[in-house]
Each structure stands twice: as C-alpha cells, then as structure tokens.
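Participant: One file: start_11.pdb (PDB, C-alpha atoms).
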```pdb
ATOM      1  CA  MET A   1     182.709 170.248  60.779
ATOM      2  CA  PRO A   2     181.028 171.048  64.133
ATOM      3  CA  GLU A   3     177.303 170.544  64.251
ATOM      4  CA  ASP A   4     174.946 173.524  64.190
ATOM      5  CA  PRO A   5     173.742 173.968  67.800
ATOM      6  CA  LYS A   6     170.366 175.480  66.879
ATOM      7  CA  PRO A   7     168.394 172.186  66.797
ATOM      8  CA  LEU A   8     169.305 171.321  70.410
ATOM      9  CA  PRO A   9     166.025 171.180  72.351
ATOM     10  CA  PHE A  10     167.736 172.079  75.649
ATOM     11  CA  LEU A  11     169.852 174.982  74.368
ATOM     12  CA  SER A  12     168.109 177.604  76.488
ATOM     13  CA  LEU A  13     168.348 175.357  79.563
ATOM     14  CA  ILE A  14     172.147 175.188  79.447
ATOM     15  CA  HIS A  15     172.756 178.745  78.251
ATOM     16  CA  PRO A  16     173.414 180.123  81.791
ATOM     17  CA  TYR A  17     176.347 177.680  82.058
ATOM     18  CA  THR A  18     177.661 177.780  78.503
ATOM     19  CA  GLY A  19     176.822 181.165  77.091
ATOM     20  CA  ASP A  20     176.423 181.103  73.335
ATOM     21  CA  VAL A  21     177.166 177.686  71.847
ATOM     22  CA  THR A  22     179.456 177.844  68.819
ATOM     23  CA  GLY A  23     179.844 174.194  67.896
ATOM     24  CA  ILE A  24     179.070 170.588  68.772
ATOM     25  CA  ARG A  25     181.221 167.495  68.287
ATOM     26  CA  ARG A  26     179.083 164.418  68.813
ATOM     27  CA  ALA A  27     180.587 161.580  70.822
ATOM     28  CA  GLU A  28     179.971 157.892  70.317
ATOM     29  CA  SER A  29     177.465 156.736  72.925
ATOM     30  CA  GLY A  30     175.252 153.788  73.684
ATOM     31  CA  PRO A  31     171.486 153.533  73.258
ATOM     32  CA  GLY A  32     170.976 154.542  76.883
ATOM     33  CA  THR A  33     172.116 158.121  76.238
ATOM     34  CA  ASP A  34     169.967 160.621  74.351
ATOM     35  CA  PHE A  35     172.761 163.145  73.695
ATOM     36  CA  ALA A  36     176.526 163.142  74.235
ATOM     37  CA  ALA A  37     178.922 165.661  72.707
ATOM     38  CA  VAL A  38     181.734 168.078  73.312
ATOM     39  CA  VAL A  39     180.070 171.478  73.250
ATOM     40  CA  GLU A  40     182.209 174.470  72.306
ATOM     41  CA  CYS A  41     180.794 177.639  73.778
ATOM     42  CA  GLU A  42     181.374 181.125  75.059
ATOM     43  CA  LYS A  43     182.481 179.830  78.476
ATOM     44  CA  GLY A  44     184.882 177.205  77.163
ATOM     45  CA  ALA A  45     184.275 173.579  76.276
ATOM     46  CA  PHE A  46     182.236 170.973  78.141
ATOM     47  CA  PHE A  47     181.357 167.367  77.595
ATOM     48  CA  VAL A  48     177.569 167.540  77.668
ATOM     49  CA  LYS A  49     175.436 164.509  78.426
ATOM     50  CA  ALA A  50     171.651 164.832  78.285
ATOM     51  CA  MET A  51     168.737 162.518  78.927
ATOM     52  CA  ARG A  52     165.020 163.003  78.555
ATOM     53  CA  ASN A  53     163.794 163.683  82.059
ATOM     54  CA  HIS A  54     161.469 160.763  82.718
ATOM     55  CA  GLY A  55     161.521 157.164  83.927
ATOM     56  CA  TRP A  56     164.753 155.226  84.230
ATOM     57  CA  ARG A  57     166.594 157.779  82.108
ATOM     58  CA  SER A  58     165.976 160.469  84.704
ATOM     59  CA  ALA A  59     167.033 158.118  87.499
ATOM     60  CA  SER A  60     170.219 157.176  85.641
ATOM     61  CA  ILE A  61     171.488 160.682  84.943
ATOM     62  CA  ASN A  62     170.570 161.798  88.460
ATOM     63  CA  ARG A  63     172.604 158.927  89.887
ATOM     64  CA  GLU A  64     175.528 159.963  87.693
ATOM     65  CA  ARG A  65     175.221 163.559  88.897
ATOM     66  CA  LEU A  66     175.299 162.405  92.515
ATOM     67  CA  ILE A  67     178.262 160.033  92.226
ATOM     68  CA  ILE A  68     180.724 162.005  90.102
ATOM     69  CA  PRO A  69     181.987 164.249  92.924
ATOM     70  CA  TYR A  70     183.058 161.088  94.786
ATOM     71  CA  VAL A  71     184.906 159.480  91.863
ATOM     72  CA  GLU A  72     187.016 162.433  90.725
ATOM     73  CA  PRO A  73     189.715 162.379  89.404
ATOM     74  CA  ILE A  74     188.967 158.884  88.075
ATOM     75  CA  SER A  75     186.024 160.533  86.335
ATOM     76  CA  PRO A  76     186.118 163.883  84.561
ATOM     77  CA  ALA A  77     184.867 166.568  86.943
ATOM     78  CA  LEU A  78     181.246 167.663  87.005
ATOM     79  CA  CYS A  79     181.128 171.367  86.168
ATOM     80  CA  TRP A  80     177.371 171.957  86.273
ATOM     81  CA  GLY A  81     173.973 170.308  86.001
ATOM     82  CA  ALA A  82     170.616 171.574  84.794
ATOM     83  CA  ALA A  83     167.133 170.122  84.485
ATOM     84  CA  ASP A  84     163.593 171.051  83.529
ATOM     85  CA  GLU A  85     160.464 169.021  82.812
ATOM     86  CA  GLY A  86     161.848 167.815  79.488
ATOM     87  CA  TRP A  87     165.577 167.291  79.960
ATOM     88  CA  ALA A  88     168.307 166.588  82.519
ATOM     89  CA  VAL A  89     171.765 167.736  81.410
ATOM     90  CA  LEU A  90     175.285 167.401  82.832
ATOM     91  CA  GLY A  91     178.280 169.505  81.851
ATOM     92  CA  LEU A  92     181.579 167.753  82.520
ATOM     93  CA  GLU A  93     185.266 168.409  82.082
ATOM     94  CA  VAL A  94     186.407 167.372  78.608
ATOM     95  CA  ALA A  95     188.574 164.245  78.819
ATOM     96  CA  GLU A  96     190.884 164.370  75.811
ATOM     97  CA  GLY A  97     192.029 160.927  74.805
ATOM     98  CA  ARG A  98     191.072 157.720  73.030
ATOM     99  CA  ARG A  99     189.487 154.381  73.701
ATOM    100  CA  PRO A 100     191.985 151.815  75.032
ATOM    101  CA  ASP A 101     193.192 148.792  73.119
ATOM    102  CA  PHE A 102     192.346 145.622  75.081
ATOM    103  CA  GLU A 103     194.068 143.189  72.712
ATOM    104  CA  PRO A 104     196.952 140.957  73.886
ATOM    105  CA  GLY A 105     200.231 142.849  73.912
ATOM    106  CA  SER A 106     198.583 146.275  74.051
ATOM    107  CA  PRO A 107     200.608 148.897  75.934
ATOM    108  CA  ASP A 108     197.304 150.163  77.364
ATOM    109  CA  LEU A 109     196.719 147.087  79.518
ATOM    110  CA  PRO A 110     198.779 148.078  82.585
ATOM    111  CA  THR A 111     197.072 151.472  82.612
ATOM    112  CA  MET A 112     193.640 149.844  82.419
ATOM    113  CA  VAL A 113     194.440 147.423  85.246
ATOM    114  CA  GLU A 114     195.525 150.352  87.385
ATOM    115  CA  LEU A 115     192.348 152.252  86.519
ATOM    116  CA  VAL A 116     190.035 149.343  87.403
ATOM    117  CA  ASP A 117     191.983 148.867  90.629
ATOM    118  CA  ARG A 118     191.574 152.566  91.477
ATOM    119  CA  ILE A 119     187.817 152.287  91.021
ATOM    120  CA  GLY A 120     187.796 149.412  93.498
ATOM    121  CA  LYS A 121     189.571 151.514  96.119
ATOM    122  CA  VAL A 122     187.036 154.362  96.161
ATOM    123  CA  ASP A 123     185.235 154.472  99.504
ATOM    124  CA  LEU A 124     181.502 153.844  99.234
ATOM    125  CA  PRO A 125     179.826 157.221  99.792
ATOM    126  CA  ASP A 126     176.655 157.449 101.850
ATOM    127  CA  VAL A 127     174.708 158.536  98.770
ATOM    128  CA  ALA A 128     175.309 155.087  97.229
ATOM    129  CA  ARG A 129     174.421 152.902 100.219
ATOM    130  CA  SER A 130     170.900 152.237  98.957
ATOM    131  CA  TRP A 131     172.046 151.434  95.391
ATOM    132  CA  THR A 132     172.247 147.672  95.907
ATOM    133  CA  GLU A 133     173.464 145.803  92.848
ATOM    134  CA  THR A 134     170.662 143.472  91.734
ATOM    135  CA  ARG A 135     170.881 143.257  87.952
ATOM    136  CA  TRP A 136     172.324 139.734  87.975
ATOM    137  CA  ASP A 137     170.038 138.339  90.681
ATOM    138  CA  ARG A 138     167.474 136.924  88.283
ATOM    139  CA  PHE A 139     170.202 135.034  86.438
ATOM    140  CA  LEU A 140     171.277 133.118  89.537
ATOM    141  CA  THR A 141     169.992 129.583  90.032
ATOM    142  CA  ARG A 142     169.854 129.523  93.827
ATOM    143  CA  GLU A 143     168.660 132.141  96.270
ATOM    144  CA  SER A 144     171.683 131.355  98.437
ATOM    145  CA  GLU A 145     173.927 132.823  95.709
ATOM    146  CA  ILE A 146     172.501 136.319  96.048
ATOM    147  CA  GLY A 147     174.690 137.122  99.031
ATOM    148  CA  LEU A 148     177.808 136.259  97.032
ATOM    149  CA  LEU A 149     177.235 139.322  94.824
ATOM    150  CA  ARG A 150     176.466 141.691  97.695
ATOM    151  CA  GLY A 151     179.089 143.903  99.308
ATOM    152  CA  ASP A 152     180.060 147.420 100.270
ATOM    153  CA  ALA A 153     182.146 148.325  97.228
ATOM    154  CA  LEU A 154     181.232 151.118  94.860
ATOM    155  CA  LEU A 155     180.904 149.560  91.402
ATOM    156  CA  HIS A 156     181.072 151.245  88.035
ATOM    157  CA  ALA A 157     179.356 148.076  86.776
ATOM    158  CA  ASP A 158     179.879 148.749  83.071
ATOM    159  CA  ILE A 159     183.580 148.170  82.458
ATOM    160  CA  ASN A 160     184.265 148.137  78.719
ATOM    161  CA  PRO A 161     186.559 149.975  76.279
ATOM    162  CA  TYR A 162     183.845 152.508  75.425
ATOM    163  CA  ASN A 163     183.705 153.704  79.034
ATOM    164  CA  LEU A 164     187.457 154.051  79.554
ATOM    165  CA  ILE A 165     189.653 156.790  78.113
ATOM    166  CA  VAL A 166     193.433 156.870  77.732
ATOM    167  CA  GLY A 167     194.999 160.318  77.628
ATOM    168  CA  ASP A 168     198.592 161.465  77.283
ATOM    169  CA  GLU A 169     199.106 161.899  81.030
ATOM    170  CA  ARG A 170     196.085 160.309  82.747
ATOM    171  CA  SER A 171     193.167 157.980  82.203
ATOM    172  CA  TRP A 172     189.482 158.130  83.091
ATOM    173  CA  ALA A 173     186.441 155.948  83.653
ATOM    174  CA  VAL A 174     183.417 157.687  82.148
ATOM    175  CA  ASP A 175     179.679 157.076  81.835
ATOM    176  CA  TRP A 176     178.825 156.444  85.481
ATOM    177  CA  ALA A 177     175.246 155.874  84.382
ATOM    178  CA  TRP A 178     174.333 153.183  86.870
ATOM    179  CA  PRO A 179     176.870 152.840  89.709
ATOM    180  CA  THR A 180     175.893 150.394  92.415
ATOM    181  CA  ARG A 181     176.907 148.887  95.745
ATOM    182  CA  GLY A 182     178.039 145.276  95.546
ATOM    183  CA  ALA A 183     180.851 142.748  95.733
ATOM    184  CA  ALA A 184     184.162 144.394  94.901
ATOM    185  CA  PHE A 185     185.276 141.718  92.440
ATOM    186  CA  ILE A 186     182.460 142.457  89.967
ATOM    187  CA  ASP A 187     184.224 145.285  88.111
ATOM    188  CA  PRO A 188     187.455 143.251  87.636
ATOM    189  CA  ALA A 189     185.309 140.277  86.572
ATOM    190  CA  MET A 190     183.639 142.366  83.878
ATOM    191  CA  PHE A 191     187.130 143.435  82.801
ATOM    192  CA  VAL A 192     188.082 139.755  82.453
ATOM    193  CA  VAL A 193     185.229 139.063  80.023
ATOM    194  CA  GLN A 194     186.103 142.143  77.976
ATOM    195  CA  LEU A 195     189.713 140.947  77.725
ATOM    196  CA  ILE A 196     188.622 137.484  76.578
ATOM    197  CA  SER A 197     186.390 139.111  73.968
ATOM    198  CA  SER A 198     189.452 141.056  72.778
ATOM    199  CA  GLY A 199     191.505 137.915  72.183
ATOM    200  CA  HIS A 200     193.007 136.948  75.547
ATOM    201  CA  THR A 201     192.864 133.435  76.899
ATOM    202  CA  PRO A 202     190.857 133.116  80.105
ATOM    203  CA  GLU A 203     194.093 132.394  81.974
ATOM    204  CA  GLY A 204     195.698 135.499  80.519
ATOM    205  CA  ALA A 205     192.697 137.675  81.263
ATOM    206  CA  GLU A 206     192.563 136.542  84.881
ATOM    207  CA  THR A 207     196.288 137.175  85.208
ATOM    208  CA  TRP A 208     195.724 140.789  84.209
ATOM    209  CA  ALA A 209     192.803 141.049  86.638
ATOM    210  CA  SER A 210     195.058 139.823  89.434
ATOM    211  CA  GLY A 211     196.594 143.299  89.365
ATOM    212  CA  CYS A 212     193.385 144.454  91.078
ATOM    213  CA  THR A 213     193.173 144.048  94.852
ATOM    214  CA  ALA A 214     189.470 143.170  94.694
ATOM    215  CA  TRP A 215     190.167 140.285  92.320
ATOM    216  CA  ARG A 216     192.968 138.857  94.442
ATOM    217  CA  GLU A 217     190.741 138.936  97.529
ATOM    218  CA  ALA A 218     187.640 137.485  95.816
ATOM    219  CA  ASP A 219     186.002 134.228  96.896
ATOM    220  CA  PRO A 220     186.342 131.830  93.912
ATOM    221  CA  VAL A 221     182.849 130.458  94.635
ATOM    222  CA  ALA A 222     181.413 133.967  94.283
ATOM    223  CA  VAL A 223     183.326 134.523  91.045
ATOM    224  CA  ASP A 224     181.970 131.237  89.670
ATOM    225  CA  ALA A 225     178.402 132.261  90.539
ATOM    226  CA  PHE A 226     178.853 135.642  88.888
ATOM    227  CA  ALA A 227     180.440 134.130  85.772
ATOM    228  CA  ALA A 228     177.490 131.761  85.317
ATOM    229  CA  ALA A 229     174.950 134.542  85.902
ATOM    230  CA  TYR A 230     176.807 136.828  83.502
ATOM    231  CA  LEU A 231     176.725 134.114  80.842
ATOM    232  CA  ARG A 232     172.972 133.692  81.247
ATOM    233  CA  MET A 233     172.478 137.429  80.969
ATOM    234  CA  ARG A 234     174.602 137.551  77.807
ATOM    235  CA  ARG A 235     172.671 134.644  76.324
ATOM    236  CA  GLU A 236     169.391 136.463  76.903
ATOM    237  CA  MET A 237     170.786 139.651  75.366
ATOM    238  CA  ALA A 238     172.044 137.765  72.303
ATOM    239  CA  GLU A 239     168.702 136.027  71.855
ATOM    240  CA  ARG A 240     166.906 139.373  71.859
ATOM    241  CA  ARG A 241     169.173 140.663  69.071
ATOM    242  CA  PRO A 242     170.630 137.600  67.335
ATOM    243  CA  ASP A 243     172.081 139.593  64.437
ATOM    244  CA  THR A 244     174.177 141.907  66.633
ATOM    245  CA  ALA A 245     177.823 140.862  66.264
ATOM    246  CA  SER A 246     178.993 142.502  69.489
ATOM    247  CA  ARG A 247     176.415 140.599  71.521
ATOM    248  CA  LYS A 248     177.470 137.320  69.935
ATOM    249  CA  ALA A 249     181.101 138.116  70.723
ATOM    250  CA  MET A 250     180.374 138.850  74.369
ATOM    251  CA  LEU A 251     178.284 135.684  74.670
ATOM    252  CA  HIS A 252     181.174 133.637  73.291
ATOM    253  CA  ALA A 253     183.628 135.324  75.669
ATOM    254  CA  ALA A 254     181.384 134.688  78.684
ATOM    255  CA  ALA A 255     180.919 131.023  77.708
ATOM    256  CA  THR A 256     184.676 130.609  77.249
ATOM    257  CA  TRP A 257     185.292 132.038  80.707
ATOM    258  CA  VAL A 258     182.694 129.809  82.384
ATOM    259  CA  ALA A 259     184.143 126.719  80.698
ATOM    260  CA  HIS A 260     187.614 127.708  81.886
ATOM    261  CA  ARG A 261     186.356 127.935  85.462
ATOM    262  CA  GLY A 262     184.868 124.457  85.217
ATOM    263  CA  GLY A 263     181.245 125.505  84.819
ATOM    264  CA  ASP A 264     178.605 124.517  82.302
ATOM    265  CA  ALA A 265     178.992 126.830  79.304
ATOM    266  CA  CYS A 266     175.489 125.844  78.108
ATOM    267  CA  PRO A 267     173.454 125.997  81.326
ATOM    268  CA  PRO A 268     169.664 126.019  81.447
ATOM    269  CA  PRO A 269     167.924 129.369  81.963
ATOM    270  CA  ALA A 270     168.264 130.755  85.462
ATOM    271  CA  ALA A 271     165.481 130.188  87.937
ATOM    272  CA  GLN A 272     163.598 133.285  88.950
ATOM    273  CA  VAL A 273     164.983 134.102  92.383
ATOM    274  CA  PRO A 274     162.213 135.592  94.549
ATOM    275  CA  GLY A 275     162.540 139.332  94.922
ATOM    276  CA  SER A 276     165.354 139.635  92.408
ATOM    277  CA  GLY A 277     165.728 142.039  89.530
ATOM    278  CA  ARG A 278     165.372 145.764  89.339
TER     279      ARG A 278
END
```
Take the structure from the file and write it as structure tokens.
Facilitator:
Amino acid sequence: MPEDPKPLPFLSLIHPYTGDVTGIRRAESGPGTDFAAVVECEKGAFFVKAMRNHGWRSASINRERLIIPYVEPISPALCWGAADEGWAVLGLEVAEGRRPDFEPGSPDLPTMVELVDRIGKVDLPDVARSWTETRWDRFLTRESEIGLLRGDALLHADINPYNLIVGDERSWAVDWAWPTRGAAFIDPAMFVVQLISSGHTPEGAETWASGCTAWREADPVAVDAFAAAYLRMRREMAERRPDTASRKAMLHAAATWVAHRGGDACPPPAAQVPGSGR
C-alpha cells in the first residue's frame, strides 16, 4: 500500500511541482540519501530524492542537480528541483525497471557493459571541471601515483547494481550523487570489482570490462595503482563495520583482484599523501 504523504516534511516545498500528493512508494537507497521514493501526485509521477540542506548532503544533491542534464538519457531526466533552508529536493523521470543481475551467465551483462561504456563517452561538461576525483588519493602509497588517477573523464564513481536499472527497452545509471573528473578507466574498474563480488573470476570480469573503450585504453600501471588503493579503502571500510557482510564481500573481491594483477593482497596501510583526500 502506498505510504501516507502527510508526514513528509517538505510536502509544501514540492507542491508547486507535484500538486496534491496521493501516494508514496519508497525506493531502496543507501545511507547517504535521506528520502527516495516514487511519488504519485496530481501532476503525474516523479522519482523524488531529498536531502537535508546542509553540509556534504547539500553539496551532493546540488552536484547531482547540475550534472543530470549532461548525462541524459543515460540518467532519468530531471523534471524539477526545489530547496529551502531545511531541504533540497529533486524530481526526476520515473525509471521503470529492476536491478541488474551481475552473476556469471546473466543476460544483463552485455547491457551493463554497454551502459558503463556509454558513461565513459560522455563529454566532460564545464560544470564538472573543478570536481577533481580525490577520494582514493589517501590510499595511495606514493605521491607520484596521484597523477595516474587524474584525467578529463566524467565519472559516475559509484558503479554497482543498486545504481543501475534494467528496463524493458532501455537502461539507466542513477544516483549521480558524487560525479567527478578523473581517469576514464575508474568506472570500468569499479565494475570489475562488482563482477568479482558477484562470482566472476578476475579474468572473466576483466574480459567483460574490455567491452569498454576506457578499459581497453587504460595504462596497466594506473589500473594496478587504483586496484591497490581500492583494496585499502575497502579494508578500512570493513574494519569500521566488521559485521557488515556486504563490506566483507567487497573486501574479498578487491583482494582477489589485486592478487590476480600480481599485487600484494595484504598490503600495509597507505601512507598519507600530502594534500590528498576530500
């Protein structure tokens, strides 16, 4: 049964765009989103994403608002946005579909490869030129490696089955919460780790990634540096929440990938690279 819309704290804020709200169907979302749901209303249906309007949450949803016009139709279209002192809210086209199956043999895999490849071919818009990707910098061991992760590609930077949707006739990448500018191979590399976590061998996962132009053109040294940094990041995340099964699974996948590429799957903590981090 649809949720009663009355408790929504931003109902009056979005009313000019929705009219009277008649129902809410909550969507599965991560801890970084305060509200995500399909909202049925007088003016149709919208996927509504809302964040409390302060700190990094405000910055994240504002970045998503700015980038979506440049990534349509890979992303559902932005229909409207609204904000006040308490909330920032986006109303998007409803993408009807399901989460993809990343397991070996899944018929969704060719579609997902094509989708990740399409993301890599989006021209970097001027609005994103200052959004330098830095989140892995502090997990690098040498300052000289920083440049390997820099580039002029627009990155989704959170490739996982929860952020991809398979529909009957098209597919979408959603939740552009923190797009960045960096090395083009990073999105396909994140796809590789997700595939390994879903049961692929590292060789098999990289074979699928080879369907992406950015992966085929990547410098193997840069990929090795990213893989090691990604493993260190995953180890830190797992240590913060040791009882979270999904974090353990991603740590294992990252370690498996690093070992496959000839790296140390149990490296020491990364050195703090001067000026790194966000």
Participant: Using only C-alpha atoms, which protein or nucleic acid residues come within 8 Å of Glu206 of chain A? Drop anything in the same chain fewer than 4 positions from it, and give the result as number ranges by chain.
Facilitator: A: 192, 202, 210
Participant: For the point (179.4, 160.5, 83.1) in file coordinates, what residues are within 8 Å, counting only C-alpha atoms? Give the answer as an mmCIF file with C-alpha atoms, in the coordinates of the input?
Facilitator:
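The result, written out as out.cif:
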```cif
data_model
loop_
_atom_site.group_PDB
_atom_site.id
_atom_site.type_symbol
_atom_site.label_atom_id
_atom_site.label_comp_id
_atom_site.auth_asym_id
_atom_site.auth_seq_id
_atom_site.Cartn_x
_atom_site.Cartn_y
_atom_site.Cartn_z
ATOM 1 C CA LYS A 49 175.436 164.509 78.426
ATOM 2 C CA GLU A 64 175.528 159.963 87.693
ATOM 3 C CA ARG A 65 175.221 163.559 88.897
ATOM 4 C CA ILE A 68 180.724 162.005 90.102
ATOM 5 C CA SER A 75 186.024 160.533 86.335
ATOM 6 C CA PRO A 76 186.118 163.883 84.561
ATOM 7 C CA LEU A 92 181.579 167.753 82.520
ATOM 8 C CA VAL A 174 183.417 157.687 82.148
ATOM 9 C CA ASP A 175 179.679 157.076 81.835
ATOM 10 C CA TRP A 176 178.825 156.444 85.481
ATOM 11 C CA ALA A 177 175.246 155.874 84.382
#
```
Participant: Convert the output of the PyMOL selection byres ((chain A and resi 130-136) around 6) on the shown file into explicit residues, formatted as a PDB file with C-alpha atoms, in the frame of the given file.
Facilitator:
```
ATOM      1  CA  ALA A 128     175.309 155.087  97.229  1.00  0.00           C
ATOM      2  CA  ARG A 129     174.421 152.902 100.219  1.00  0.00           C
ATOM      3  CA  ASP A 137     170.038 138.339  90.681  1.00  0.00           C
ATOM      4  CA  ARG A 138     167.474 136.924  88.283  1.00  0.00           C
ATOM      5  CA  PHE A 139     170.202 135.034  86.438  1.00  0.00           C
ATOM      6  CA  THR A 180     175.893 150.394  92.415  1.00  0.00           C
ATOM      7  CA  ARG A 181     176.907 148.887  95.745  1.00  0.00           C
ATOM      8  CA  GLY A 182     178.039 145.276  95.546  1.00  0.00           C
ATOM      9  CA  GLY A 277     165.728 142.039  89.530  1.00  0.00           C
TER      10      GLY A 277
END
```
Participant: So which residues get picked by the PyMOL selection byres ((chain A and resi 185) around 7) here, written as an MDAnalysis selection string?
Facilitator: chainID A and resid 183:184 186:189 214:215 218
Participant: Can you write out the residues you just picked, keeping C-alpha atoms, as a PDB file, in the frame of the given file?
Facilitator:
```
ATOM      1  CA  ALA A 183     180.851 142.748  95.733  1.00  0.00           C
ATOM      2  CA  ALA A 184     184.162 144.394  94.901  1.00  0.00           C
ATOM      3  CA  ILE A 186     182.460 142.457  89.967  1.00  0.00           C
ATOM      4  CA  ASP A 187     184.224 145.285  88.111  1.00  0.00           C
ATOM      5  CA  PRO A 188     187.455 143.251  87.636  1.00  0.00           C
ATOM      6  CA  ALA A 189     185.309 140.277  86.572  1.00  0.00           C
ATOM      7  CA  ALA A 214     189.470 143.170  94.694  1.00  0.00           C
ATOM      8  CA  TRP A 215     190.167 140.285  92.320  1.00  0.00           C
ATOM      9  CA  ALA A 218     187.640 137.485  95.816  1.00  0.00           C
TER      10      ALA A 218
END
```
Participant: Selection in question (the file shown): the PyMOL selection byres ((chain A and resi 57) around 12). Which residues does it include, as a list in words?
Facilitator: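 Against this file, the PyMOL selection byres ((chain A and resi 57) around 12) returns the residues Pro31, Gly32, Thr33, Asp34, Phe35, Lys49, Ala50, Met51, Arg52, Asn53, His54, Gly55, Trp56, Ser58, Ala59, Ser60, Ile61, Asn62, Arg63, Glu64, Gly86, Trp87, Ala88, Val89, Ala177 and Trp178 of chain A.
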Participant: Using atom CA of Pro69 of chain A and atom CA of Phe191 of chain A as the two end points, give the distance in Å to one decimal.
Facilitator: 23.7 Å
Participant: Rank nothing, just name the residue among A:Ala83, A:Leu155, A:Leu90, A:Leu8 nearest to Val71 of chain A, using all atoms listed in the file.
Facilitator: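 Of all the options, A:Leu155 lies closest to Val71 of chain A.
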Participant: Which residue is closest to Pro179 of chain A? Choose from A:Arg118, A:His200, A:His156, A:Arg142 and count only C-alpha atoms.
Facilitator: A:His156
